[in-house]
$ cat run03.tsv   # TSV, C-alpha atoms
chain	number	residue	atom	x	y	z
A	7	MET	CA	-0.46	-106.12	3.13
A	8	THR	CA	-1.46	-102.77	1.68
A	9	MET	CA	-3.48	-100.56	3.97
A	10	ARG	CA	-6.00	-98.18	2.46
A	11	ARG	CA	-5.80	-94.64	3.76
A	12	ARG	CA	-8.99	-93.28	5.14
A	13	SER	CA	-10.47	-90.78	2.68
A	14	SER	CA	-10.56	-87.21	3.87
A	15	SER	CA	-13.62	-85.01	3.77
A	16	PRO	CA	-14.09	-82.95	0.61
A	17	THR	CA	-12.47	-79.55	0.50
A	18	MET	CA	-13.69	-76.24	-0.88
A	19	LYS	CA	-11.59	-76.95	-3.98
A	20	ASP	CA	-13.47	-80.22	-4.50
A	21	ILE	CA	-16.81	-78.46	-4.17
A	22	ALA	CA	-15.70	-75.68	-6.53
A	23	SER	CA	-14.63	-78.20	-9.14
A	24	ARG	CA	-17.88	-80.15	-8.86
A	25	ALA	CA	-20.04	-77.01	-9.07
A	26	ASN	CA	-17.83	-75.40	-11.74
A	27	VAL	CA	-17.41	-72.22	-9.71
A	28	SER	CA	-14.50	-70.45	-8.05
A	29	VAL	CA	-13.21	-71.34	-4.59
A	30	GLY	CA	-14.13	-67.82	-3.53
A	31	THR	CA	-17.78	-68.44	-4.46
A	32	VAL	CA	-17.77	-71.65	-2.41
A	33	SER	CA	-16.29	-69.76	0.53
A	34	ARG	CA	-18.94	-67.04	0.32
A	35	VAL	CA	-21.76	-69.60	0.12
A	36	LEU	CA	-20.47	-71.63	3.08
A	37	ASN	CA	-19.97	-68.42	5.07
A	38	ARG	CA	-23.52	-67.31	4.29
A	39	HIS	CA	-22.58	-64.15	2.40
A	40	GLU	CA	-25.58	-62.46	0.82
A	41	ASP	CA	-23.77	-61.24	-2.33
A	42	VAL	CA	-24.07	-64.60	-4.13
A	43	ASP	CA	-26.44	-65.32	-7.01
A	44	LEU	CA	-29.21	-67.73	-5.99
A	45	ASP	CA	-28.43	-70.14	-8.84
A	46	LEU	CA	-24.75	-70.24	-7.87
A	47	ARG	CA	-25.70	-70.77	-4.24
A	48	GLU	CA	-27.91	-73.73	-5.16
A	49	ARG	CA	-25.17	-75.26	-7.35
A	50	VAL	CA	-22.64	-75.02	-4.56
A	51	GLU	CA	-24.96	-76.45	-1.93
A	52	THR	CA	-25.99	-79.29	-4.23
A	53	ALA	CA	-22.35	-80.13	-5.01
A	54	ALA	CA	-21.50	-80.05	-1.32
A	55	ARG	CA	-24.29	-82.47	-0.48
A	56	LYS	CA	-23.35	-84.88	-3.28
A	57	LEU	CA	-19.73	-84.88	-2.13
A	58	GLY	CA	-20.76	-85.57	1.44
A	59	TYR	CA	-19.50	-82.26	2.77
A	60	ARG	CA	-20.75	-81.85	6.30
A	61	LEU	CA	-20.40	-79.00	8.72
A	62	SER	CA	-19.87	-79.82	12.36
A	63	ALA	CA	-22.55	-78.65	14.78
A	64	ARG	CA	-20.30	-75.81	15.94
A	65	THR	CA	-19.38	-74.72	12.43
A	66	ARG	CA	-23.01	-74.85	11.31
A	67	SER	CA	-23.97	-72.55	14.15
A	68	VAL	CA	-21.22	-70.00	13.56
A	69	VAL	CA	-21.86	-69.62	9.85
A	70	GLN	CA	-25.47	-68.77	10.61
A	71	THR	CA	-24.60	-66.26	13.33
A	72	LYS	CA	-21.52	-64.32	14.33
A	73	ALA	CA	-18.78	-66.54	15.74
A	74	GLY	CA	-17.57	-63.88	18.16
A	75	ILE	CA	-13.98	-64.61	17.11
A	76	ILE	CA	-11.34	-62.26	15.68
A	77	GLY	CA	-8.35	-63.90	14.00
A	78	LEU	CA	-4.84	-62.42	14.07
A	79	ILE	CA	-2.52	-63.94	11.45
A	80	LEU	CA	1.20	-63.13	11.40
A	81	PHE	CA	2.40	-63.67	7.82
A	82	ASN	CA	5.94	-64.70	6.87
A	83	ASP	CA	7.41	-63.65	10.21
A	84	PHE	CA	7.78	-66.55	12.60
A	85	GLY	CA	9.48	-64.60	15.37
A	86	LEU	CA	7.52	-62.52	17.84
A	87	SER	CA	9.33	-59.27	18.60
A	88	PRO	CA	8.58	-57.19	21.72
A	89	ALA	CA	6.62	-54.76	19.51
A	90	GLN	CA	4.54	-57.59	18.02
A	91	ALA	CA	3.90	-59.02	21.47
A	92	LEU	CA	2.52	-55.65	22.59
A	93	LEU	CA	0.38	-55.47	19.46
A	94	LEU	CA	-1.02	-58.93	20.25
A	95	LEU	CA	-1.83	-57.87	23.82
A	96	GLY	CA	-3.61	-54.74	22.57
A	97	VAL	CA	-5.75	-56.77	20.17
A	98	GLU	CA	-6.65	-59.27	22.89
A	99	GLU	CA	-7.46	-56.50	25.37
A	100	TYR	CA	-9.92	-54.76	23.05
A	101	CYS	CA	-11.49	-58.03	21.85
A	102	SER	CA	-12.05	-59.15	25.42
A	103	SER	CA	-13.66	-55.85	26.41
A	104	ALA	CA	-15.97	-56.08	23.39
A	105	GLY	CA	-17.01	-59.69	24.08
A	106	TYR	CA	-14.90	-61.29	21.33
A	107	HIS	CA	-12.33	-64.08	21.49
A	108	LEU	CA	-8.92	-63.92	19.78
A	109	LEU	CA	-7.45	-66.63	17.58
A	110	PHE	CA	-3.72	-66.20	16.81
A	111	VAL	CA	-1.86	-68.16	14.13
A	112	ARG	CA	1.19	-67.79	11.88
A	113	HIS	CA	1.30	-68.51	8.16
A	114	ARG	CA	3.98	-68.60	5.47
A	115	TYR	CA	3.33	-67.93	1.78
A	116	ALA	CA	5.29	-67.21	-1.40
A	117	PRO	CA	5.45	-63.41	-1.98
A	118	SER	CA	5.84	-63.81	-5.76
A	119	ALA	CA	3.05	-66.35	-6.26
A	120	PRO	CA	-0.06	-65.24	-8.20
A	121	ALA	CA	-3.03	-64.59	-5.94
A	122	ALA	CA	-5.08	-67.18	-7.81
A	123	SER	CA	-2.65	-69.92	-6.80
A	124	LEU	CA	-2.49	-69.06	-3.08
A	125	ASP	CA	-4.47	-71.06	-0.56
A	126	LEU	CA	-5.98	-69.60	2.55
A	127	PRO	CA	-4.20	-70.32	5.82
A	128	PRO	CA	-5.43	-73.72	7.09
A	129	VAL	CA	-7.28	-72.14	10.00
A	130	MET	CA	-9.35	-70.08	7.56
A	131	GLN	CA	-10.45	-73.10	5.55
A	132	THR	CA	-13.04	-73.88	8.22
A	133	PRO	CA	-16.09	-71.85	7.18
A	134	GLY	CA	-17.32	-69.34	9.72
A	135	LEU	CA	-14.49	-69.87	12.20
A	136	ALA	CA	-13.63	-66.14	12.46
A	137	ASP	CA	-15.75	-63.09	11.71
A	138	CYS	CA	-12.78	-60.93	10.67
A	139	ILE	CA	-9.01	-61.35	10.29
A	140	ILE	CA	-6.32	-58.92	11.42
A	141	MET	CA	-3.32	-59.25	9.10
A	142	ALA	CA	0.24	-58.43	10.22
A	143	GLY	CA	3.78	-59.60	9.44
A	144	THR	CA	5.00	-59.17	5.86
A	145	LEU	CA	2.02	-58.54	3.57
A	146	HIS	CA	2.11	-58.47	-0.23
A	147	GLU	CA	-0.66	-57.67	-2.68
A	148	ASN	CA	-1.28	-61.34	-3.47
A	149	THR	CA	-2.22	-62.10	0.15
A	150	LEU	CA	-4.81	-59.35	0.39
A	151	ALA	CA	-6.18	-60.29	-3.04
A	152	THR	CA	-6.57	-63.91	-1.90
A	153	PHE	CA	-8.67	-62.84	1.08
A	154	GLU	CA	-10.80	-60.63	-1.17
A	155	ARG	CA	-11.23	-63.47	-3.66
A	156	HIS	CA	-12.70	-65.59	-0.86
A	157	GLY	CA	-14.95	-62.78	0.32
A	158	LEU	CA	-13.37	-62.62	3.79
A	159	ASN	CA	-13.37	-59.63	6.11
A	160	TYR	CA	-9.95	-58.36	7.12
A	161	VAL	CA	-8.04	-55.40	8.54
A	162	ALA	CA	-4.34	-54.98	7.70
A	163	LEU	CA	-1.54	-53.20	9.53
A	164	ALA	CA	-0.44	-50.78	6.80
A	165	ASN	CA	3.13	-50.55	8.12
A	166	HIS	CA	3.55	-54.26	7.34
A	167	THR	CA	2.45	-54.05	3.70
A	168	MET	CA	4.85	-54.06	0.76
A	169	ASP	CA	3.54	-51.27	-1.49
A	170	VAL	CA	-0.05	-52.50	-1.38
A	171	PRO	CA	-2.57	-50.06	-2.93
A	172	LYS	CA	-5.23	-48.84	-0.52
A	173	GLY	CA	-7.83	-47.71	-3.04
A	174	SER	CA	-10.37	-50.50	-2.58
A	175	ALA	CA	-13.80	-50.34	-0.98
A	176	ARG	CA	-13.07	-53.58	0.88
A	177	ARG	CA	-9.66	-52.61	2.26
A	178	HIS	CA	-9.37	-51.56	5.89
A	179	PHE	CA	-6.04	-50.32	7.27
A	180	VAL	CA	-4.56	-49.16	10.55
A	181	GLU	CA	-1.07	-47.65	10.68
A	182	TYR	CA	1.29	-45.88	13.04
A	183	ASP	CA	2.94	-42.67	11.86
A	184	ASP	CA	6.57	-43.82	11.70
A	185	LEU	CA	7.30	-41.47	8.78
A	186	THR	CA	6.62	-38.36	10.88
A	187	GLY	CA	8.38	-39.87	13.88
A	188	CYS	CA	11.60	-40.57	11.98
A	189	CYS	CA	11.44	-37.19	10.27
A	190	GLU	CA	11.22	-35.51	13.68
A	191	ALA	CA	14.09	-37.63	15.05
A	192	THR	CA	16.34	-36.74	12.11
A	193	CYS	CA	15.54	-33.03	12.45
A	194	TYR	CA	16.38	-33.27	16.16
A	195	LEU	CA	19.83	-34.62	15.31
A	196	GLY	CA	20.22	-31.80	12.80
A	197	GLN	CA	19.31	-29.25	15.45
A	198	LEU	CA	22.06	-30.70	17.61
A	199	GLY	CA	24.51	-29.76	14.86
A	200	HIS	CA	24.99	-33.16	13.24
A	201	LYS	CA	25.56	-33.28	9.50
A	202	ASP	CA	26.80	-36.83	8.99
A	203	ILE	CA	23.62	-38.59	10.09
A	204	TRP	CA	23.30	-42.26	9.11
A	205	TYR	CA	20.11	-44.28	8.72
A	206	ILE	CA	20.52	-47.99	9.50
A	207	GLY	CA	17.68	-50.33	8.56
A	208	ASP	CA	16.68	-53.48	6.71
A	209	ALA	CA	15.17	-52.87	3.28
A	210	SER	CA	13.64	-56.39	3.24
A	211	ARG	CA	11.30	-55.47	6.12
A	212	PRO	CA	8.18	-53.50	5.11
A	213	TRP	CA	8.00	-51.57	8.37
A	214	HIS	CA	11.34	-49.92	7.59
A	215	ARG	CA	9.89	-48.29	4.46
A	216	ASN	CA	8.23	-45.25	6.05
A	217	ARG	CA	11.02	-44.89	8.61
A	218	PHE	CA	13.55	-44.48	5.81
A	219	ARG	CA	11.23	-42.08	3.99
A	220	GLY	CA	10.91	-39.94	7.12
A	221	TYR	CA	14.70	-39.81	7.43
A	222	SER	CA	15.06	-38.94	3.74
A	223	ARG	CA	12.49	-36.15	3.94
A	224	ALA	CA	14.24	-34.50	6.89
A	225	ILE	CA	17.69	-34.83	5.31
A	226	ALA	CA	16.40	-33.16	2.14
A	227	GLU	CA	14.71	-30.35	4.11
A	228	MET	CA	17.97	-29.66	5.97
A	229	GLY	CA	20.02	-29.74	2.76
A	230	LEU	CA	22.27	-32.55	4.01
A	231	ASP	CA	23.70	-35.54	2.18
A	232	PRO	CA	21.99	-38.85	3.02
A	233	HIS	CA	24.04	-41.68	4.52
A	234	VAL	CA	22.20	-44.99	4.34
A	235	HIS	CA	22.93	-48.62	5.23
A	236	THR	CA	19.87	-50.79	4.55
A	237	ILE	CA	21.46	-54.09	3.57
A	238	ALA	CA	20.73	-56.85	6.09
A	239	LEU	CA	24.11	-58.40	6.82
A	240	SER	CA	22.48	-60.67	9.42
A	241	ASP	CA	18.98	-62.05	10.09
A	242	ASP	CA	19.34	-60.98	13.72
A	243	GLU	CA	18.63	-57.25	14.15
A	244	PHE	CA	21.16	-56.76	16.94
A	245	GLU	CA	23.90	-58.38	14.86
A	246	ASN	CA	22.73	-56.46	11.80
A	247	GLY	CA	23.11	-53.11	13.59
A	248	GLN	CA	26.52	-54.12	14.88
A	249	ALA	CA	27.72	-55.30	11.47
A	250	ALA	CA	26.41	-52.16	9.74
A	251	VAL	CA	28.34	-49.82	12.04
A	252	VAL	CA	31.51	-51.90	11.81
A	253	HIS	CA	31.28	-51.74	8.02
A	254	ILE	CA	30.76	-47.95	8.07
A	255	LEU	CA	33.73	-47.39	10.38
A	256	GLU	CA	36.02	-49.76	8.50
A	257	GLN	CA	35.30	-47.84	5.30
A	258	GLY	CA	36.36	-44.63	7.02
A	259	TRP	CA	33.07	-42.88	6.24
A	260	PRO	CA	32.22	-39.85	8.43
A	261	ILE	CA	29.62	-40.46	11.10
A	262	THR	CA	28.47	-38.37	14.07
A	263	ALA	CA	24.88	-39.61	14.51
A	264	ILE	CA	22.76	-42.67	13.78
A	265	LEU	CA	19.01	-43.12	13.36
A	266	ALA	CA	18.33	-46.87	13.61
A	267	GLY	CA	15.13	-48.38	12.21
A	268	SER	CA	14.52	-50.25	15.49
A	269	ASP	CA	15.78	-50.23	19.06
A	270	GLU	CA	17.37	-53.64	18.53
A	271	LEU	CA	19.35	-52.25	15.59
A	272	ALA	CA	20.37	-49.33	17.79
A	273	TYR	CA	21.64	-51.66	20.53
A	274	GLY	CA	23.71	-53.50	17.95
A	275	ALA	CA	25.02	-50.24	16.54
A	276	ARG	CA	26.15	-49.16	19.99
A	277	GLU	CA	28.03	-52.43	20.40
A	278	GLY	CA	29.74	-51.91	17.03
A	279	LEU	CA	30.77	-48.43	18.11
A	280	ARG	CA	32.12	-49.74	21.42
A	281	GLN	CA	34.23	-52.32	19.61
A	282	HIS	CA	35.87	-49.48	17.68
A	283	ARG	CA	36.31	-47.36	20.81
A	284	ARG	CA	33.59	-44.89	19.89
A	285	GLU	CA	31.40	-43.74	22.76
A	286	VAL	CA	27.69	-42.89	22.75
A	287	PRO	CA	26.93	-40.00	22.88
A	288	LYS	CA	30.44	-38.51	23.20
A	289	ASP	CA	31.51	-39.53	19.70
A	290	VAL	CA	28.24	-40.60	18.06
A	291	SER	CA	24.65	-39.71	18.99
A	292	LEU	CA	22.16	-42.58	18.69
A	293	VAL	CA	18.37	-42.78	18.16
A	294	GLY	CA	16.28	-45.95	17.95
A	295	PHE	CA	12.67	-46.75	17.10
A	296	GLU	CA	9.93	-48.46	19.18
A	297	ASN	CA	11.04	-47.29	22.64
A	298	GLU	CA	11.60	-50.66	24.33
A	299	ARG	CA	11.85	-48.98	27.71
A	300	GLY	CA	13.24	-50.97	30.63
A	301	ARG	CA	15.83	-53.14	28.86
A	302	ALA	CA	19.03	-53.27	30.90
A	303	ARG	CA	21.22	-52.53	27.91
A	304	GLY	CA	19.12	-49.78	26.39
A	305	SER	CA	16.95	-48.02	28.95
A	306	ASN	CA	18.65	-44.65	28.28
A	307	LEU	CA	18.19	-44.81	24.50
A	308	THR	CA	16.62	-41.85	22.72
A	309	SER	CA	13.86	-43.43	20.67
A	310	VAL	CA	10.75	-42.82	18.59
A	311	PHE	CA	7.90	-44.11	20.73
A	312	VAL	CA	4.99	-45.96	19.18
A	313	ASP	CA	2.28	-47.37	21.43
A	314	MET	CA	1.99	-50.83	19.85
A	315	ALA	CA	-0.68	-51.88	22.35
A	316	GLU	CA	-2.80	-48.95	21.13
A	317	VAL	CA	-2.13	-50.01	17.53
A	318	GLY	CA	-3.46	-53.45	18.46
A	319	ARG	CA	-6.54	-51.94	20.07
A	320	GLN	CA	-7.23	-49.86	16.95
A	321	LEU	CA	-6.86	-52.95	14.73
A	322	ALA	CA	-9.36	-54.85	16.87
A	323	LYS	CA	-11.72	-51.87	16.91
A	324	ALA	CA	-11.58	-51.63	13.10
A	325	ALA	CA	-12.16	-55.38	12.75
A	326	ILE	CA	-15.25	-55.33	14.94
A	327	ALA	CA	-16.58	-52.24	13.14
A	328	GLN	CA	-16.20	-54.06	9.83
A	329	ILE	CA	-18.19	-57.02	11.16
A	330	GLU	CA	-21.05	-54.65	11.85
A	331	ASP	CA	-20.85	-53.03	8.39
A	332	ARG	CA	-18.59	-55.15	6.21
A	333	GLU	CA	-19.11	-53.24	2.97
A	334	LYS	CA	-18.07	-49.88	4.38
A	335	ALA	CA	-14.31	-49.36	4.63
A	336	GLY	CA	-13.59	-46.38	6.84
A	337	PRO	CA	-10.58	-44.08	6.52
A	338	THR	CA	-7.18	-45.42	7.58
A	339	VAL	CA	-6.70	-45.03	11.33
A	340	VAL	CA	-3.33	-43.43	12.12
A	341	VAL	CA	-1.71	-43.83	15.56
A	342	PRO	CA	0.79	-40.98	16.24
A	343	THR	CA	4.39	-41.45	17.35
A	344	GLN	CA	6.50	-39.39	19.76
A	345	LEU	CA	10.23	-38.74	20.04
A	346	VAL	CA	11.41	-39.59	23.56
A	347	LYS	CA	14.69	-37.78	24.26
A	348	ARG	CA	17.18	-39.44	26.58
A	349	SER	CA	20.94	-39.43	27.14
A	350	THR	CA	22.21	-41.07	23.92
A	351	CYS	CA	22.21	-37.77	22.02
A	352	ARG	CA	24.23	-34.60	22.58
A	353	PRO	CA	25.06	-31.46	20.58
A	354	ILE	CA	28.33	-31.22	18.70
A	355	ARG	CA	28.21	-27.41	18.53
A	356	LYS	CA	29.82	-25.25	21.20
A	357	GLU	CA	26.98	-22.81	21.90
A	358	ASP	CA	26.12	-22.53	25.57
A	359	GLN	CA	22.41	-22.35	24.85
A	360	MET	CA	20.45	-24.16	22.15
A	361	MET	CA	16.75	-23.98	21.40
A	362	LEU	CA	15.55	-27.54	20.70

$ encode --input "run03.tsv" --output "structure tokens"
Amino acid sequence: MTMRRRSSSPTMKDIASRANVSVGTVSRVLNRHEDVDLDLRERVETAARKLGYRLSARTRSVVQTKAGIIGLILFNDFGLSPAQALLLLGVEEYCSSAGYHLLFVRHRYAPSAPAASLDLPPVMQTPGLADCIIMAGTLHENTLATFERHGLNYVALANHTMDVPKGSARRHFVEYDDLTGCCEATCYLGQLGHKDIWYIGDASRPWHRNRFRGYSRAIAEMGLDPHVHTIALSDDEFENGQAAVVHILEQGWPITAILAGSDELAYGAREGLRQHRREVPKDVSLVGFENERGRARGSNLTSVFVDMAEVGRQLAKAAIAQIEDREKAGPTVVVPTQLVKRSTCRPIRKEDQMML
């Protein structure tokens, strides 16, 4: 016996096809945006009624008023690092203090797909569920364009974008100043007398972009030759740092200092040095990024500190501000970084006194 599958409710694509409009127009109508032509609005609502599209009582109420919900979507990054966990806590803290609830989901998409072919994350296909979305993870231009096509409010973490242009009236960004932080860390190693300073990172991760640029700027200002290892030999950052250092040492390349693009990479680098009987900081000085203070294996690590909880609070603040005035995109909010000096760095010069 053949069983008939229960038909599902019509989607925004079905309504768009019936009304001969874009999915973005349907989304704006169902979310009660005011920037929709009256004729288009009537066509969409008529098509929705004919298709039997019904909003639940809760959804009907939230599209007419603010839902009081901020969404945080982590794109194409299904792990949750310590830094991302702190960011999540900061967002939740600010939302709670402002009377908003937080909705957290993860979503995967194809980076090379045209924006017109991308669907919204499933959670966003319910009209009016969230007033604004905070976007983090790995963000490409097509993702932001998809949200704009659907007329959705969003704020993006700029450090997680892959060369996304910021020159749009609808684009809101928050970023932390990793470029300056890594530039300062590299100059610090130079002041300690190091000339063979390596940068270890992962070029496939967008947040390593500015960190590498900061290193490169400082190296150029000091007139030194750059030494770079940005190929991810492992998906695990600890193993990647370890493998990178082992490769450098096996090639016989000179190395007296390392700036790692994350603390986890730095921990791995230290293990690779230990395996080759190189001590930190006696033989190689080591600097990380993120300042994961309190870890048993890395609590003495010199690191560039970024307050990820504060980054989260600024993202939530920007999201709520956009809800109040969605058409006005303020300037990018920049959270500063700070170099925290500990015992994994030492001078290689013999002067008794050094001004650092």

$ closest_atom_pairs --input "run03.tsv" --of "stretch 259-329 of chain A" --to "stretch 73-82 of chain A" --cutoff "10 Å" --atoms "all atoms listed in the file" --output "tab-separated table"
residue	atom	partner	partner_atom	distance
A:Leu321	CA	A:Leu78	CA	9.7
A:Ala322	CA	A:Ile76	CA	7.8
A:Ala325	CA	A:Ile76	CA	7.5
A:Ile326	CA	A:Ile76	CA	8.0
A:Ile329	CA	A:Ile76	CA	9.7

$ closest_atom_pairs --input "run03.tsv" --of "stretch 216-257 of chain A" --to "stretch 196-209 of chain A" --cutoff "8 Å" --atoms "only C-alpha atoms" --output "tab-separated table"
residue	atom	partner	partner_atom	distance
A:Phe218	CA	A:Tyr205	CA	7.2
A:Tyr221	CA	A:Tyr205	CA	7.1
A:Met228	CA	A:Gly196	CA	7.5
A:Leu230	CA	A:Lys201	CA	6.4
A:Asp231	CA	A:Asp202	CA	7.6
A:Pro232	CA	A:Trp204	CA	7.1
A:His233	CA	A:Trp204	CA	4.7
A:Val234	CA	A:Tyr205	CA	4.9
A:His235	CA	A:Ile206	CA	4.9
A:Thr236	CA	A:Gly207	CA	4.6
A:Ile237	CA	A:Asp208	CA	5.8
A:Ala238	CA	A:Asp208	CA	5.3
A:Gly247	CA	A:Ile206	CA	7.0
A:Ala250	CA	A:Ile206	CA	7.2

$ write_last_selection --input "run03.tsv" --atoms "C-alpha atoms" --output "CSV table (one decimal), keeping the file's coordinate frame"
chain,number,residue,atom,x,y,z
A,218,PHE,CA,13.6,-44.5,5.8
A,221,TYR,CA,14.7,-39.8,7.4
A,228,MET,CA,18.0,-29.7,6.0
A,230,LEU,CA,22.3,-32.6,4.0
A,231,ASP,CA,23.7,-35.5,2.2
A,232,PRO,CA,22.0,-38.8,3.0
A,233,HIS,CA,24.0,-41.7,4.5
A,234,VAL,CA,22.2,-45.0,4.3
A,235,HIS,CA,22.9,-48.6,5.2
A,236,THR,CA,19.9,-50.8,4.6
A,237,ILE,CA,21.5,-54.1,3.6
A,238,ALA,CA,20.7,-56.8,6.1
A,247,GLY,CA,23.1,-53.1,13.6
A,250,ALA,CA,26.4,-52.2,9.7

$ closest_residue --input "run03.tsv" --among "A:Val340, A:Ala25, A:Glu270, A:Ala121" --to "A:Lys56" --atoms "all atoms listed in the file"
A:Ala25

$ closest_residue --input "run03.tsv" --among "A:Ser210, A:Ser222, A:Thr186, A:Ser291" --to "A:Val312" --atoms "all atoms listed in the file"
A:Thr186

$ atom_distance --input "run03.tsv" --atom1 "atom CA of A:Val180" --atom2 "atom CA of A:Ala119"
25.2 Å

$ atom_distance --input "run03.tsv" --atom1 "atom CA of A:Lys288" --atom2 "atom CA of A:Arg352"
7.4 Å

$ residues_around --input "run03.tsv" --residues "A:Asn297" --least-positions-apart "3" --cutoff "12 Å" --atoms "all atoms listed in the file" --output "short mmCIF file (atom, residue, chain, number, x, y, z; two decimals) with C-alpha atoms, in the coordinates of the input"
data_model
loop_
_atom_site.label_atom_id
_atom_site.label_comp_id
_atom_site.auth_asym_id
_atom_site.auth_seq_id
_atom_site.Cartn_x
_atom_site.Cartn_y
_atom_site.Cartn_z
CA PRO A 88 8.58 -57.19 21.72
CA ALA A 89 6.62 -54.76 19.51
CA LEU A 92 2.52 -55.65 22.59
CA GLY A 187 8.38 -39.87 13.88
CA ALA A 266 18.33 -46.87 13.61
CA GLY A 267 15.13 -48.38 12.21
CA SER A 268 14.52 -50.25 15.49
CA ASP A 269 15.78 -50.23 19.06
CA GLU A 270 17.37 -53.64 18.53
CA LEU A 271 19.35 -52.25 15.59
CA ALA A 272 20.37 -49.33 17.79
CA TYR A 273 21.64 -51.66 20.53
CA VAL A 293 18.37 -42.78 18.16
CA GLY A 294 16.28 -45.95 17.95
CA GLY A 300 13.24 -50.97 30.63
CA ARG A 301 15.83 -53.14 28.86
CA GLY A 304 19.12 -49.78 26.39
CA SER A 305 16.95 -48.02 28.95
CA ASN A 306 18.65 -44.65 28.28
CA LEU A 307 18.19 -44.81 24.50
CA THR A 308 16.62 -41.85 22.72
CA SER A 309 13.86 -43.43 20.67
CA VAL A 310 10.75 -42.82 18.59
CA PHE A 311 7.90 -44.11 20.73
CA VAL A 312 4.99 -45.96 19.18
CA ASP A 313 2.28 -47.37 21.43
CA MET A 314 1.99 -50.83 19.85
CA THR A 343 4.39 -41.45 17.35
CA GLN A 344 6.50 -39.39 19.76
CA LEU A 345 10.23 -38.74 20.04
CA VAL A 346 11.41 -39.59 23.56
CA LYS A 347 14.69 -37.78 24.26
CA ARG A 348 17.18 -39.44 26.58
#

$ atom_distance --input "run03.tsv" --atom1 "atom CA of A:Ala54" --atom2 "atom CA of A:Asn148"
27.6 Å
